[in-house]
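Dumped data17.txt below, it's compact mmCIF, C-alpha atoms:
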# COMPACT_ATOMS: atom_id res chain seq x y z
CA MET V 1 -36.52 42.40 20.33
CA GLN V 2 -37.78 45.59 21.94
CA GLU V 3 -39.14 43.54 24.84
CA VAL V 4 -35.69 42.12 25.54
CA ALA V 5 -34.18 45.61 25.44
CA ARG V 6 -36.89 46.84 27.80
CA GLU V 7 -36.26 43.95 30.21
CA ARG V 8 -32.53 44.70 30.10
CA ASP V 9 -33.15 48.39 30.84
CA ILE V 10 -35.33 47.44 33.81
CA ALA V 11 -32.63 45.09 35.13
CA ILE V 12 -29.93 47.75 34.72
CA ALA V 13 -32.07 50.31 36.54
CA ARG V 14 -32.63 47.90 39.44
CA ILE V 15 -28.94 47.03 39.62
CA SER V 16 -27.90 50.69 39.52
CA LYS V 17 -30.31 51.64 42.30
CA ILE V 18 -29.16 48.75 44.51
CA VAL V 19 -25.47 49.53 43.94
CA ASP V 20 -26.10 53.18 44.76
CA ASN V 21 -27.89 52.28 48.01
CA LEU V 22 -25.25 49.76 49.06
CA ILE V 23 -22.34 52.11 48.40
CA GLN V 24 -24.05 54.99 50.20
CA GLY V 25 -24.55 52.80 53.25
CA ASN V 26 -21.04 51.37 53.51
CA SER V 27 -17.90 53.42 54.09
CA LEU V 28 -15.64 50.59 52.90
CA TYR V 29 -17.46 50.53 49.58
CA GLN V 30 -17.25 54.31 49.34
CA GLU V 31 -13.50 54.20 49.94
CA ARG V 32 -12.58 51.28 47.71
CA LEU V 33 -15.15 51.09 44.90
CA ASP V 34 -15.94 53.21 41.90
CA LYS V 35 -19.71 53.11 41.49
CA GLN V 36 -19.67 53.44 37.70
CA GLU V 37 -17.04 50.71 37.30
CA ILE V 38 -19.05 48.38 39.51
CA ILE V 39 -22.26 49.06 37.58
CA GLN V 40 -20.46 48.38 34.29
CA HIS V 41 -19.02 45.15 35.74
CA LEU V 42 -22.50 44.05 36.83
CA ILE V 43 -23.97 44.92 33.42
CA ARG V 44 -21.35 42.69 31.81
CA LEU V 45 -22.43 39.93 34.19
CA LEU V 46 -26.06 40.65 33.34
CA ASP V 47 -25.28 40.08 29.68
CA LYS V 48 -24.30 36.50 30.56
CA PHE V 49 -27.82 35.88 31.88
CA SER V 50 -31.21 36.73 30.56
CA PRO V 51 -32.64 39.99 31.92
CA GLU V 52 -35.72 38.03 32.93
CA PHE V 53 -33.59 36.01 35.36
CA ILE V 54 -32.54 39.21 37.11
CA ASN V 55 -36.00 40.74 37.02
CA VAL V 56 -37.69 37.77 38.70
CA LEU V 57 -35.36 37.97 41.70
CA SER V 58 -36.81 39.77 44.69
CA ASP V 59 -35.17 43.04 45.66
CA GLY V 60 -33.80 41.36 48.79
CA GLU V 61 -32.26 38.47 46.91
CA LEU V 62 -30.79 40.70 44.20
CA THR V 63 -29.41 43.03 46.88
CA ASP V 64 -27.79 40.08 48.68
CA ARG V 65 -26.18 38.86 45.47
CA ILE V 66 -24.90 42.30 44.52
CA ASP V 67 -23.65 42.90 48.07
CA SER V 68 -21.65 39.67 47.88
CA ILE V 69 -20.03 40.86 44.66
CA LEU V 70 -19.27 44.26 46.20
CA VAL V 71 -17.62 42.64 49.21
CA ILE V 72 -15.34 40.62 46.96
CA GLU V 73 -14.51 43.66 44.85
CA ALA V 74 -13.86 45.81 47.93
CA VAL V 75 -11.51 43.39 49.66
CA SER V 76 -9.73 42.04 46.60
CA GLY V 77 -6.20 43.31 46.62
CA THR V 78 -6.26 43.93 50.38
CA LEU V 79 -3.26 41.66 50.86
CA ASN V 80 -1.35 43.83 48.39
CA ASP V 81 -1.69 46.74 50.83
CA LEU V 82 0.00 44.86 53.69
CA THR V 83 3.55 45.40 54.83
CA ALA V 84 6.01 42.49 54.87
CA GLU V 85 5.51 42.15 58.62
CA GLN V 86 1.72 42.07 58.26
CA ILE V 87 1.97 39.43 55.53
CA GLU V 88 4.15 37.30 57.80
CA MET V 89 1.56 37.61 60.59
CA PHE V 90 -1.18 36.68 58.14
CA ASN V 91 0.73 33.63 56.88
CA THR V 92 1.38 32.50 60.47
CA ALA V 93 -2.29 32.82 61.33
CA VAL V 94 -3.31 30.83 58.23
CA GLU V 95 -0.80 28.07 58.97
CA ARG V 96 -2.27 27.60 62.46
CA ARG V 97 -5.64 26.72 61.00
Would you write the structure of this file as structure tokens?
Amino acid sequence: MQEVARERDIAIARISKIVDNLIQGNSLYQERLDKQEIIQHLIRLLDKFSPEFINVLSDGELTDRIDSILVIEAVSGTLNDLTAEQIEMFNTAVERR
């Protein structure tokens, strides 16, 4: 049982460090994301997997996966910030595709 807790702590430390680095290096993340909320969200995701799964991923692969999640979190709700005119332009552009 202690080994599982230790593996989880290692995974959380890796996740926290990666999130910190990604947010520091991206102004959009800094503007739109709360680091502690994101870390808690990722810990909840971690609890759906075994810590060993996370810990066997390379730093690069784990960073890519976390970055993908951060992108989604950062841009979610972006359409809510648009004016009616901007939404109309967006809808027109989507219809053309």
Looking at V:Ile87, V:Ala74, V:Ile15, V:Leu82, which one is nearest to Leu28 in chain V, with distances taken over all atoms listed in the file?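 Counting all atoms listed in the file, the residue closest to Leu28 in chain V is V:Ala74.
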Ranking V:Phe49, V:Asp81, V:Asp67, V:Ser58 by minimum distance to Gly25 in chain V and counting only C-alpha atoms, which one comes first?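 Answer, going by the shortest atom-to-atom distance: V:Asp67.
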Hey, can you check how far CA of Gln2 in chain V sits from CA of Ser50 in chain V?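 Taking CA of Gln2 in chain V as the start and CA of Ser50 in chain V as the end point, the length is 14.0 Å.
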Atomic separation - CA of Glu52 in chain V relative to CA of Glu7 in chain V, Å: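 Separation of CA of Glu7 in chain V and CA of Glu52 in chain V: 6.5 Å.
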What is the CA of Lys17 in chain V to CA of Glu73 in chain V distance in Å? 17.9 Å
Counting all atoms listed in the file, which of V:Val94, V:Ala84, V:Leu70, V:Val56 gets nearest to Asn21 in chain V? V:Leu70
Ile10 in chain V surroundings by all atoms listed in the file, 10 Å radius, close-in-sequence under 3 positions cut, as a PyMOL selection string: chain V and resi 4-7+13-16+51-52+54-55
Nearest to Gln40 in chain V, chosen from V:Val75, V:Ile66, V:Leu57, V:Ile12, with only C-alpha atoms counted in the distances: V:Ile12
Given the choices V:Gln24, V:Ile43, V:Arg65, V:Glu95, which gets closest to Asp9 in chain V if the distance is worked out from only C-alpha atoms?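 Closest to Asp9 in chain V of all the choices is V:Ile43.
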Minimum-distance residue to Asp47 in chain V, chosen among V:Ala11, V:Glu85, V:Ile69, V:Glu3 (using only C-alpha atoms):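 The answer is V:Ala11, which sits nearest to Asp47 in chain V.
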